[in-house]
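Notes to accompany the following structure.
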Amino acid sequence: MTRSQIKPIIEALIFVADQPIQLKEICQAISEEEPQEIQEALLELVKDFNGRESGLEIREISGGWRISTRPFYHEHIRRYLKTKPSAKLSLASLETLAVIAYKQPITIPEILEIRGVSSSSAIKTLLERRLIVPKGRKDCVGRPIMYGTSKEFLIQFGLKDLSELPNIEDFEELLTN
Amino acid sequence: MTRSQIKPIIEALIFVADQPIQLKEICQAISEEEPQEIQEALLELVKDFNGRESGLEIREISGGWRISTRPFYHEHIRRYLKTKPSAKLSLASLETLAVIAYKQPITIPEILEIRGVSSSSAIKTLLERRLIVPKGRKDCVGRPIMYGTSKEFLIQFGLKDLSELPNIEDFEELLTN
Amino acid sequence: MSVLTENSSNSAKAPYQIKLEIFEGPLDLLLYLIKKEEIDIYDIPIAHITEEYLKYVQLMQELDIDFASEFLVMAATLIHIKSKMLLPVSTTELNELENVEDPRNELVNLLLEHKKFKSAAEMLWSRAEVEQGVFTRAPLESDKENPEVAATVFDLVAAFKSLLDKRKEQLQVEIANDKITLTQKINEIKNLFKTENKISVSKLFLKASSKAEMVIIFLAVLELTKESIIGLLQTETFGEIIAIKIHDTFTNKANN
């Protein structure tokens, strides 16, 4: 291979590696080429890549190579990360949301009974995301708050109303086996 | 800011986003600039970035922008990551997926009518792989669940949006010729 | 469905050549036959294709292959079309020939539609092939600011279903655990009789903390009665049932 054929491969390898990738590892992946040649290609790639007017750079860090954003742009990145859409849920939140959606209105002790674990942090998240709302209090000892799903819930899951929520029977055939 | 100052910021944002980032999100993060200007800078960046002899490229996919490796380098990347291509969908599942993609939103009985055979195991696979999602219920007897394709579908099949799917009638021409 | 099919051309002389064919449904089988016989899809010789189709269905039955009922429905449809084509066309109908609908039309449309989606599936297949060679960056520290799982209503149902299943298992385990305590229960009651000569049965049940435990107590009392360790006494109809110690030596046994 020519050097200009090796460089893109190295670039792709650095990009997909989840740790700074070592020269040794790069050589293993491009075993058909001499380590000497690969090292030279790597250094040339780094010079090319970092010579561009770019938001990214290849850096040598703890014995390996890594692509990262240039510190100069961190303000905008932070601004983006803060507003990052969060339409997704952790598994605990998802389970809790499922229980509330199908058993509403339901109290925290009742959710605990079904899930077998305390769900208060999940409930806090769901409240913050406006996926659930308080629906009055239950007429029993302690008068605990009951929860149900919100309008936002319908929007996020693409439902016109709660009757559109699929029930287990709809998927019985698909969920078993 | 000048365009050459905006471009690196956009590049860094695309890199940091953990899913295809939308123009809208980029504009929110660079709120001090006009969306029109940002859009032009984005297109120029894509042209610059992809014009290099590089292992990476910026692509528009599933309604957003993403940096990924070029398919050409998959062999060396797999050698490094020690991964095998994930199990592909069977042709039967793909046929069901094609029906859903072109006829969405569509119910299971309607799929049966087109395919001439029950597709529940294919639908299960497609749901598990998040390639399709329930899209409400159809207003008819039994109110069956309707299905459509997901964002993940666009990503896994490398589509900007659904309009990028080739016209189904074009397949007819292929047949008759 | 997979079917072992004989190789068509020289099946009469040569020993059967068997090969594996995959038919996803009746439309797939029909398309296969049309291709194999090099038939024009717009002018299907329905009698011939019906005969061929039925041969395959029969073969599946003979080989005892589990096939979908849709295959039989299609067989009926084919026979129906065939019979319609055999009906003589009246002269008045002949005059308006253009208006007479070909009985094959609906089937042809179905086949064409099916074929289109088969091509679309192949298109998806090759797109997936390319995309499988595309890799995105490894996870970054900042991704963790949103530890997330994408969720659809399907995930909701699946999560709820698995919770219910887990609960069912737990209940079964609880009952199973209780079963182990039958011997314990018997010993417990025996111990009570060390100091007492008679105990009201309803009092025994009062100690139960669950329905399952009540069942166990009931079984324990029956067991002890069967072994003539205790006797049951009811002084009046619907009155209190009293358990009485009869086996004098059981306390010694229990001590062993």
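The way I read the labels, and the way they are meant: chains A, B, ... in the order of the structure tokens, residue 1 as the first residue of every chain, and ligand 1 as the first ligand shown, with later ones counted on from there.
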
Distance filter 7 Å, only C-alpha atoms, chain B against chain A, as a VMD selection string:
chain B and resid 8 to 9 11 to 13 29 to 30 53 to 56 69 73 76 to 77 79 to 80 120 to 121 124 135 to 137

If chain A is fitted onto chain B by least squares over all C-alpha atoms, taken pair by pair in sequence order, what do its new coordinates look like as a PDB file with C-alpha atoms, in the first residue's frame?
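Saved file part38.pdb follows:
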```pdb
ATOM      1  CA  MET A   1     -14.117  39.720   9.768  1.00  0.00           C
ATOM      2  CA  THR A   2     -11.278  38.686  11.990  1.00  0.00           C
ATOM      3  CA  ARG A   3      -9.649  35.310  11.519  1.00  0.00           C
ATOM      4  CA  SER A   4     -11.265  33.977  14.698  1.00  0.00           C
ATOM      5  CA  GLN A   5     -14.629  34.907  13.221  1.00  0.00           C
ATOM      6  CA  ILE A   6     -13.916  33.162   9.924  1.00  0.00           C
ATOM      7  CA  LYS A   7     -12.664  29.890  11.392  1.00  0.00           C
ATOM      8  CA  PRO A   8     -15.965  28.802  13.023  1.00  0.00           C
ATOM      9  CA  ILE A   9     -17.778  29.440   9.742  1.00  0.00           C
ATOM     10  CA  ILE A  10     -15.330  27.242   7.855  1.00  0.00           C
ATOM     11  CA  GLU A  11     -15.666  24.575  10.528  1.00  0.00           C
ATOM     12  CA  ALA A  12     -19.467  24.607  10.216  1.00  0.00           C
ATOM     13  CA  LEU A  13     -19.246  24.426   6.409  1.00  0.00           C
ATOM     14  CA  ILE A  14     -16.913  21.414   6.467  1.00  0.00           C
ATOM     15  CA  PHE A  15     -19.278  19.760   8.955  1.00  0.00           C
ATOM     16  CA  VAL A  16     -22.462  20.103   6.867  1.00  0.00           C
ATOM     17  CA  ALA A  17     -20.931  19.314   3.450  1.00  0.00           C
ATOM     18  CA  ASP A  18     -21.843  15.870   2.140  1.00  0.00           C
ATOM     19  CA  GLN A  19     -18.639  15.666   0.050  1.00  0.00           C
ATOM     20  CA  PRO A  20     -15.166  16.833   0.965  1.00  0.00           C
ATOM     21  CA  ILE A  21     -15.616  20.588   0.579  1.00  0.00           C
ATOM     22  CA  GLN A  22     -13.175  22.438  -1.692  1.00  0.00           C
ATOM     23  CA  LEU A  23     -11.447  25.689  -0.788  1.00  0.00           C
ATOM     24  CA  LYS A  24     -13.177  27.218  -3.811  1.00  0.00           C
ATOM     25  CA  GLU A  25     -16.601  26.313  -2.405  1.00  0.00           C
ATOM     26  CA  ILE A  26     -15.718  27.710   0.998  1.00  0.00           C
ATOM     27  CA  CYS A  27     -14.672  30.967  -0.660  1.00  0.00           C
ATOM     28  CA  GLN A  28     -17.992  31.153  -2.516  1.00  0.00           C
ATOM     29  CA  ALA A  29     -19.897  30.760   0.746  1.00  0.00           C
ATOM     30  CA  ILE A  30     -17.803  33.440   2.481  1.00  0.00           C
ATOM     31  CA  SER A  31     -17.684  35.693  -0.541  1.00  0.00           C
ATOM     32  CA  GLU A  32     -17.207  38.826   1.561  1.00  0.00           C
ATOM     33  CA  GLU A  33     -13.640  37.748   2.450  1.00  0.00           C
ATOM     34  CA  GLU A  34     -10.492  37.432   0.333  1.00  0.00           C
ATOM     35  CA  PRO A  35      -9.646  33.841  -0.771  1.00  0.00           C
ATOM     36  CA  GLN A  36      -6.100  34.364   0.526  1.00  0.00           C
ATOM     37  CA  GLU A  37      -7.421  35.200   3.990  1.00  0.00           C
ATOM     38  CA  ILE A  38      -9.839  32.262   3.934  1.00  0.00           C
ATOM     39  CA  GLN A  39      -7.108  29.824   2.969  1.00  0.00           C
ATOM     40  CA  GLU A  40      -4.959  30.951   5.850  1.00  0.00           C
ATOM     41  CA  ALA A  41      -7.909  30.715   8.250  1.00  0.00           C
ATOM     42  CA  LEU A  42      -8.639  27.205   6.973  1.00  0.00           C
ATOM     43  CA  LEU A  43      -5.109  26.006   7.592  1.00  0.00           C
ATOM     44  CA  GLU A  44      -5.133  27.517  11.051  1.00  0.00           C
ATOM     45  CA  LEU A  45      -8.488  25.890  11.811  1.00  0.00           C
ATOM     46  CA  VAL A  46      -7.192  22.477  10.738  1.00  0.00           C
ATOM     47  CA  LYS A  47      -4.174  22.917  12.997  1.00  0.00           C
ATOM     48  CA  ASP A  48      -6.366  23.947  15.964  1.00  0.00           C
ATOM     49  CA  PHE A  49      -8.968  21.264  15.388  1.00  0.00           C
ATOM     50  CA  ASN A  50      -6.494  18.442  14.981  1.00  0.00           C
ATOM     51  CA  GLY A  51      -4.307  19.705  17.808  1.00  0.00           C
ATOM     52  CA  ARG A  52      -7.014  18.910  20.353  1.00  0.00           C
ATOM     53  CA  GLU A  53      -7.192  15.566  22.061  1.00  0.00           C
ATOM     54  CA  SER A  54     -10.215  14.667  20.016  1.00  0.00           C
ATOM     55  CA  GLY A  55     -12.014  11.723  18.438  1.00  0.00           C
ATOM     56  CA  LEU A  56     -12.443  13.719  15.259  1.00  0.00           C
ATOM     57  CA  GLU A  57     -10.130  15.244  12.706  1.00  0.00           C
ATOM     58  CA  ILE A  58     -10.277  17.441   9.642  1.00  0.00           C
ATOM     59  CA  ARG A  59      -8.587  15.755   6.714  1.00  0.00           C
ATOM     60  CA  GLU A  60      -7.821  16.783   3.175  1.00  0.00           C
ATOM     61  CA  ILE A  61      -9.215  14.140   0.891  1.00  0.00           C
ATOM     62  CA  SER A  62      -9.690  14.057  -2.896  1.00  0.00           C
ATOM     63  CA  GLY A  63      -9.183  17.784  -3.268  1.00  0.00           C
ATOM     64  CA  GLY A  64     -11.467  18.811  -0.414  1.00  0.00           C
ATOM     65  CA  TRP A  65     -11.774  18.959   3.362  1.00  0.00           C
ATOM     66  CA  ARG A  66     -13.806  16.667   5.554  1.00  0.00           C
ATOM     67  CA  ILE A  67     -14.423  15.936   9.248  1.00  0.00           C
ATOM     68  CA  SER A  68     -14.180  12.277  10.139  1.00  0.00           C
ATOM     69  CA  THR A  69     -13.503  10.075  13.143  1.00  0.00           C
ATOM     70  CA  ARG A  70      -9.889   9.136  13.859  1.00  0.00           C
ATOM     71  CA  PRO A  71      -9.088   5.556  12.838  1.00  0.00           C
ATOM     72  CA  PHE A  72      -7.823   4.905  16.361  1.00  0.00           C
ATOM     73  CA  TYR A  73     -11.407   4.814  17.689  1.00  0.00           C
ATOM     74  CA  HIS A  74     -12.871   2.520  15.071  1.00  0.00           C
ATOM     75  CA  GLU A  75     -13.250  -0.433  17.388  1.00  0.00           C
ATOM     76  CA  HIS A  76     -15.645   1.380  19.678  1.00  0.00           C
ATOM     77  CA  ILE A  77     -17.479   2.880  16.742  1.00  0.00           C
ATOM     78  CA  ARG A  78     -17.983  -0.538  15.210  1.00  0.00           C
ATOM     79  CA  ARG A  79     -19.225  -1.801  18.536  1.00  0.00           C
ATOM     80  CA  TYR A  80     -21.753   1.031  18.623  1.00  0.00           C
ATOM     81  CA  LEU A  81     -22.930   0.597  15.029  1.00  0.00           C
ATOM     82  CA  LYS A  82     -23.592  -3.075  15.649  1.00  0.00           C
ATOM     83  CA  THR A  83     -25.843  -2.430  18.617  1.00  0.00           C
ATOM     84  CA  LYS A  84     -27.445   0.598  17.039  1.00  0.00           C
ATOM     85  CA  PRO A  85     -31.144   0.487  17.842  1.00  0.00           C
ATOM     86  CA  SER A  86     -33.158  -0.423  14.817  1.00  0.00           C
ATOM     87  CA  ALA A  87     -36.689   0.563  15.658  1.00  0.00           C
ATOM     88  CA  LYS A  88     -37.147   1.897  12.160  1.00  0.00           C
ATOM     89  CA  LEU A  89     -38.292   0.187   8.992  1.00  0.00           C
ATOM     90  CA  SER A  90     -37.799   0.481   5.251  1.00  0.00           C
ATOM     91  CA  LEU A  91     -40.794   1.532   3.211  1.00  0.00           C
ATOM     92  CA  ALA A  92     -41.262  -1.977   1.758  1.00  0.00           C
ATOM     93  CA  SER A  93     -41.197  -3.490   5.237  1.00  0.00           C
ATOM     94  CA  LEU A  94     -43.582  -0.853   6.520  1.00  0.00           C
ATOM     95  CA  GLU A  95     -46.074  -1.566   3.731  1.00  0.00           C
ATOM     96  CA  THR A  96     -45.861  -5.302   4.301  1.00  0.00           C
ATOM     97  CA  LEU A  97     -46.261  -4.805   8.033  1.00  0.00           C
ATOM     98  CA  ALA A  98     -49.329  -2.645   7.401  1.00  0.00           C
ATOM     99  CA  VAL A  99     -50.936  -5.351   5.259  1.00  0.00           C
ATOM    100  CA  ILE A 100     -50.213  -8.008   7.884  1.00  0.00           C
ATOM    101  CA  ALA A 101     -51.434  -5.813  10.748  1.00  0.00           C
ATOM    102  CA  TYR A 102     -54.744  -5.046   9.081  1.00  0.00           C
ATOM    103  CA  LYS A 103     -55.413  -8.357   7.341  1.00  0.00           C
ATOM    104  CA  GLN A 104     -54.042 -10.866   9.819  1.00  0.00           C
ATOM    105  CA  PRO A 105     -53.844 -13.785   9.749  1.00  0.00           C
ATOM    106  CA  ILE A 106     -52.613 -13.619   6.164  1.00  0.00           C
ATOM    107  CA  THR A 107     -50.460 -15.792   3.895  1.00  0.00           C
ATOM    108  CA  ILE A 108     -47.574 -14.722   1.652  1.00  0.00           C
ATOM    109  CA  PRO A 109     -49.571 -15.246  -1.596  1.00  0.00           C
ATOM    110  CA  GLU A 110     -52.352 -13.067  -0.183  1.00  0.00           C
ATOM    111  CA  ILE A 111     -49.852 -10.323   0.696  1.00  0.00           C
ATOM    112  CA  LEU A 112     -48.449 -10.574  -2.822  1.00  0.00           C
ATOM    113  CA  GLU A 113     -51.936 -10.052  -4.210  1.00  0.00           C
ATOM    114  CA  ILE A 114     -52.466  -6.869  -2.192  1.00  0.00           C
ATOM    115  CA  ARG A 115     -49.000  -5.371  -2.596  1.00  0.00           C
ATOM    116  CA  GLY A 116     -48.545  -6.459  -6.201  1.00  0.00           C
ATOM    117  CA  VAL A 117     -44.897  -7.310  -5.503  1.00  0.00           C
ATOM    118  CA  SER A 118     -43.167 -10.177  -3.768  1.00  0.00           C
ATOM    119  CA  SER A 119     -42.603  -9.408  -0.102  1.00  0.00           C
ATOM    120  CA  SER A 120     -40.382 -12.250   1.013  1.00  0.00           C
ATOM    121  CA  SER A 121     -37.369 -10.139   2.011  1.00  0.00           C
ATOM    122  CA  ALA A 122     -39.608  -7.729   3.904  1.00  0.00           C
ATOM    123  CA  ILE A 123     -41.193 -10.676   5.691  1.00  0.00           C
ATOM    124  CA  LYS A 124     -37.772 -11.983   6.588  1.00  0.00           C
ATOM    125  CA  THR A 125     -36.846  -8.593   8.105  1.00  0.00           C
ATOM    126  CA  LEU A 126     -40.122  -8.397  10.015  1.00  0.00           C
ATOM    127  CA  LEU A 127     -39.599 -11.912  11.374  1.00  0.00           C
ATOM    128  CA  GLU A 128     -36.030 -11.058  12.410  1.00  0.00           C
ATOM    129  CA  ARG A 129     -37.239  -7.948  14.188  1.00  0.00           C
ATOM    130  CA  ARG A 130     -39.910 -10.107  15.849  1.00  0.00           C
ATOM    131  CA  LEU A 131     -42.634  -7.761  14.640  1.00  0.00           C
ATOM    132  CA  ILE A 132     -44.583 -10.634  13.072  1.00  0.00           C
ATOM    133  CA  VAL A 133     -44.995 -14.302  13.978  1.00  0.00           C
ATOM    134  CA  PRO A 134     -46.347 -17.383  12.177  1.00  0.00           C
ATOM    135  CA  LYS A 135     -49.970 -18.091  13.118  1.00  0.00           C
ATOM    136  CA  GLY A 136     -50.559 -21.623  11.884  1.00  0.00           C
ATOM    137  CA  ARG A 137     -51.346 -22.771   8.365  1.00  0.00           C
ATOM    138  CA  LYS A 138     -54.212 -21.952   6.074  1.00  0.00           C
ATOM    139  CA  ASP A 139     -56.591 -24.736   5.081  1.00  0.00           C
ATOM    140  CA  CYS A 140     -56.131 -24.555   1.339  1.00  0.00           C
ATOM    141  CA  VAL A 141     -53.929 -25.970  -1.396  1.00  0.00           C
ATOM    142  CA  GLY A 142     -50.304 -26.024  -0.281  1.00  0.00           C
ATOM    143  CA  ARG A 143     -51.303 -25.133   3.291  1.00  0.00           C
ATOM    144  CA  PRO A 144     -49.271 -21.888   3.309  1.00  0.00           C
ATOM    145  CA  ILE A 145     -48.141 -20.332   6.611  1.00  0.00           C
ATOM    146  CA  MET A 146     -50.267 -17.496   7.929  1.00  0.00           C
ATOM    147  CA  TYR A 147     -48.662 -14.486   9.636  1.00  0.00           C
ATOM    148  CA  GLY A 148     -49.845 -12.024  12.242  1.00  0.00           C
ATOM    149  CA  THR A 149     -48.343  -9.280  14.406  1.00  0.00           C
ATOM    150  CA  SER A 150     -46.469 -10.033  17.633  1.00  0.00           C
ATOM    151  CA  LYS A 151     -46.339  -8.665  21.162  1.00  0.00           C
ATOM    152  CA  GLU A 152     -43.167  -6.841  20.138  1.00  0.00           C
ATOM    153  CA  PHE A 153     -45.216  -5.092  17.450  1.00  0.00           C
ATOM    154  CA  LEU A 154     -47.641  -3.787  20.073  1.00  0.00           C
ATOM    155  CA  ILE A 155     -44.751  -2.578  22.236  1.00  0.00           C
ATOM    156  CA  GLN A 156     -42.910  -0.827  19.413  1.00  0.00           C
ATOM    157  CA  PHE A 157     -46.010   0.951  18.169  1.00  0.00           C
ATOM    158  CA  GLY A 158     -47.199   1.822  21.653  1.00  0.00           C
ATOM    159  CA  LEU A 159     -50.428  -0.167  21.520  1.00  0.00           C
ATOM    160  CA  LYS A 160     -52.105  -1.915  24.434  1.00  0.00           C
ATOM    161  CA  ASP A 161     -53.767  -4.467  22.158  1.00  0.00           C
ATOM    162  CA  LEU A 162     -54.770  -4.820  18.519  1.00  0.00           C
ATOM    163  CA  SER A 163     -58.083  -3.045  19.104  1.00  0.00           C
ATOM    164  CA  GLU A 164     -56.045   0.128  19.669  1.00  0.00           C
ATOM    165  CA  LEU A 165     -54.689  -0.063  16.140  1.00  0.00           C
ATOM    166  CA  PRO A 166     -56.188   2.944  14.370  1.00  0.00           C
ATOM    167  CA  ASN A 167     -58.338   2.024  11.401  1.00  0.00           C
ATOM    168  CA  ILE A 168     -58.677   3.896   8.160  1.00  0.00           C
ATOM    169  CA  GLU A 169     -61.947   5.457   9.318  1.00  0.00           C
ATOM    170  CA  ASP A 170     -60.122   7.104  12.240  1.00  0.00           C
ATOM    171  CA  PHE A 171     -58.004   9.014   9.754  1.00  0.00           C
ATOM    172  CA  GLU A 172     -60.451   9.180   6.851  1.00  0.00           C
ATOM    173  CA  GLU A 173     -60.886  12.897   7.300  1.00  0.00           C
ATOM    174  CA  LEU A 174     -57.136  13.408   7.627  1.00  0.00           C
ATOM    175  CA  LEU A 175     -55.963  11.064   4.881  1.00  0.00           C
ATOM    176  CA  THR A 176     -58.228  12.295   2.103  1.00  0.00           C
ATOM    177  CA  ASN A 177     -57.797  15.534   0.129  1.00  0.00           C
TER     178      ASN A 177
END
```

Test item, alpha helix (DSSP H) assignment across chain B, answer as a ChimeraX atom specification
/B:3-16,23-29,35-51,74-81,91-103,108-115,120-128,151-156,168-176

When DSSP is applied to the backbone of this structure, which of stretch 11-127 of chain B are assigned strand (DSSP E)? Write them out as a ChimeraX atom specification.
/B:56-61,64-69,106-107

Work out how far apart atom CA of C:Leu33 and atom CA of C:Leu124 are and give it in Å to one decimal.
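Separation between atom CA of C:Leu33 and atom CA of C:Leu124: 24.8 Å.
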
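Taking atom CA of C:Lys115 and atom CA of C:His80 as the two end points, the separation is 22.8 Å.
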
With 10 Å as the cut-off and only C-alpha atoms counted, what is the closest atom pair between each nearby residue of chain C and chain A? Distances in Å to one decimal, ordered by chain and number, as JSON lines.
```
{"residue": "C:Phe135", "atom": "CA", "partner": "A:Val16", "partner_atom": "CA", "distance": 6.8}
{"residue": "C:Thr136", "atom": "CA", "partner": "A:Val16", "partner_atom": "CA", "distance": 6.4}
{"residue": "C:Arg137", "atom": "CA", "partner": "A:Val16", "partner_atom": "CA", "distance": 4.6}
{"residue": "C:Ala138", "atom": "CA", "partner": "A:Asp18", "partner_atom": "CA", "distance": 4.8}
{"residue": "C:Pro139", "atom": "CA", "partner": "A:Asp18", "partner_atom": "CA", "distance": 6.6}
{"residue": "C:Leu140", "atom": "CA", "partner": "A:Asp18", "partner_atom": "CA", "distance": 7.9}
{"residue": "C:Ser142", "atom": "CA", "partner": "A:Leu81", "partner_atom": "CA", "distance": 7.8}
{"residue": "C:Asp143", "atom": "CA", "partner": "A:Leu81", "partner_atom": "CA", "distance": 8.8}
{"residue": "C:Glu145", "atom": "CA", "partner": "A:Leu81", "partner_atom": "CA", "distance": 8.0}
{"residue": "C:Asn146", "atom": "CA", "partner": "A:Ser86", "partner_atom": "CA", "distance": 7.1}
{"residue": "C:Pro147", "atom": "CA", "partner": "A:Ser90", "partner_atom": "CA", "distance": 6.4}
{"residue": "C:Glu148", "atom": "CA", "partner": "A:Ser90", "partner_atom": "CA", "distance": 4.9}
{"residue": "C:Val149", "atom": "CA", "partner": "A:Leu89", "partner_atom": "CA", "distance": 5.3}
{"residue": "C:Ala150", "atom": "CA", "partner": "A:Lys88", "partner_atom": "CA", "distance": 4.9}
{"residue": "C:Ala151", "atom": "CA", "partner": "A:Lys88", "partner_atom": "CA", "distance": 6.1}
{"residue": "C:Thr152", "atom": "CA", "partner": "A:Phe157", "partner_atom": "CA", "distance": 6.2}
{"residue": "C:Val153", "atom": "CA", "partner": "A:Phe157", "partner_atom": "CA", "distance": 6.2}
{"residue": "C:Phe154", "atom": "CA", "partner": "A:Pro166", "partner_atom": "CA", "distance": 7.7}
{"residue": "C:Asp155", "atom": "CA", "partner": "A:Leu94", "partner_atom": "CA", "distance": 7.9}
{"residue": "C:Leu156", "atom": "CA", "partner": "A:Ala98", "partner_atom": "CA", "distance": 5.0}
{"residue": "C:Val157", "atom": "CA", "partner": "A:Ile168", "partner_atom": "CA", "distance": 6.2}
{"residue": "C:Ala158", "atom": "CA", "partner": "A:Leu175", "partner_atom": "CA", "distance": 7.2}
{"residue": "C:Ala159", "atom": "CA", "partner": "A:Glu95", "partner_atom": "CA", "distance": 5.5}
{"residue": "C:Phe160", "atom": "CA", "partner": "A:Ala98", "partner_atom": "CA", "distance": 5.5}
{"residue": "C:Lys161", "atom": "CA", "partner": "A:Ile168", "partner_atom": "CA", "distance": 6.8}
{"residue": "C:Ser162", "atom": "CA", "partner": "A:Glu95", "partner_atom": "CA", "distance": 9.3}
{"residue": "C:Leu163", "atom": "CA", "partner": "A:Arg115", "partner_atom": "CA", "distance": 6.6}
{"residue": "C:Leu164", "atom": "CA", "partner": "A:Ile114", "partner_atom": "CA", "distance": 7.7}
{"residue": "C:Lys166", "atom": "CA", "partner": "A:Arg115", "partner_atom": "CA", "distance": 8.9}
{"residue": "C:Arg167", "atom": "CA", "partner": "A:Ile114", "partner_atom": "CA", "distance": 7.2}
```

Could you give me, as a VMD selection string, the residues within 10 Å of stretch 66-74 of chain C, counting only C-alpha atoms and dropping anything in the same chain fewer than 6 positions from it?
(chain B and resid 112 116 to 118) or (chain C and resid 1 to 3 23 to 27 29 to 30 50 53 to 54 56 to 57 60 80 107)

Using atom CA of C:Ser126 and atom CA of C:Asp40 as the two end points, give the distance in Å to one decimal.
27.8 Å

Would you list the contacts of C:Lys198 as a list in words, taking every protein, DNA or RNA residue within 8 Å and counting only C-alpha atoms, but skipping same-chain residues closer than 3 positions in sequence?
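Residues meeting the cut-off are Phe193, Ile242, Ala243, Ile244 and Lys245 of chain C.
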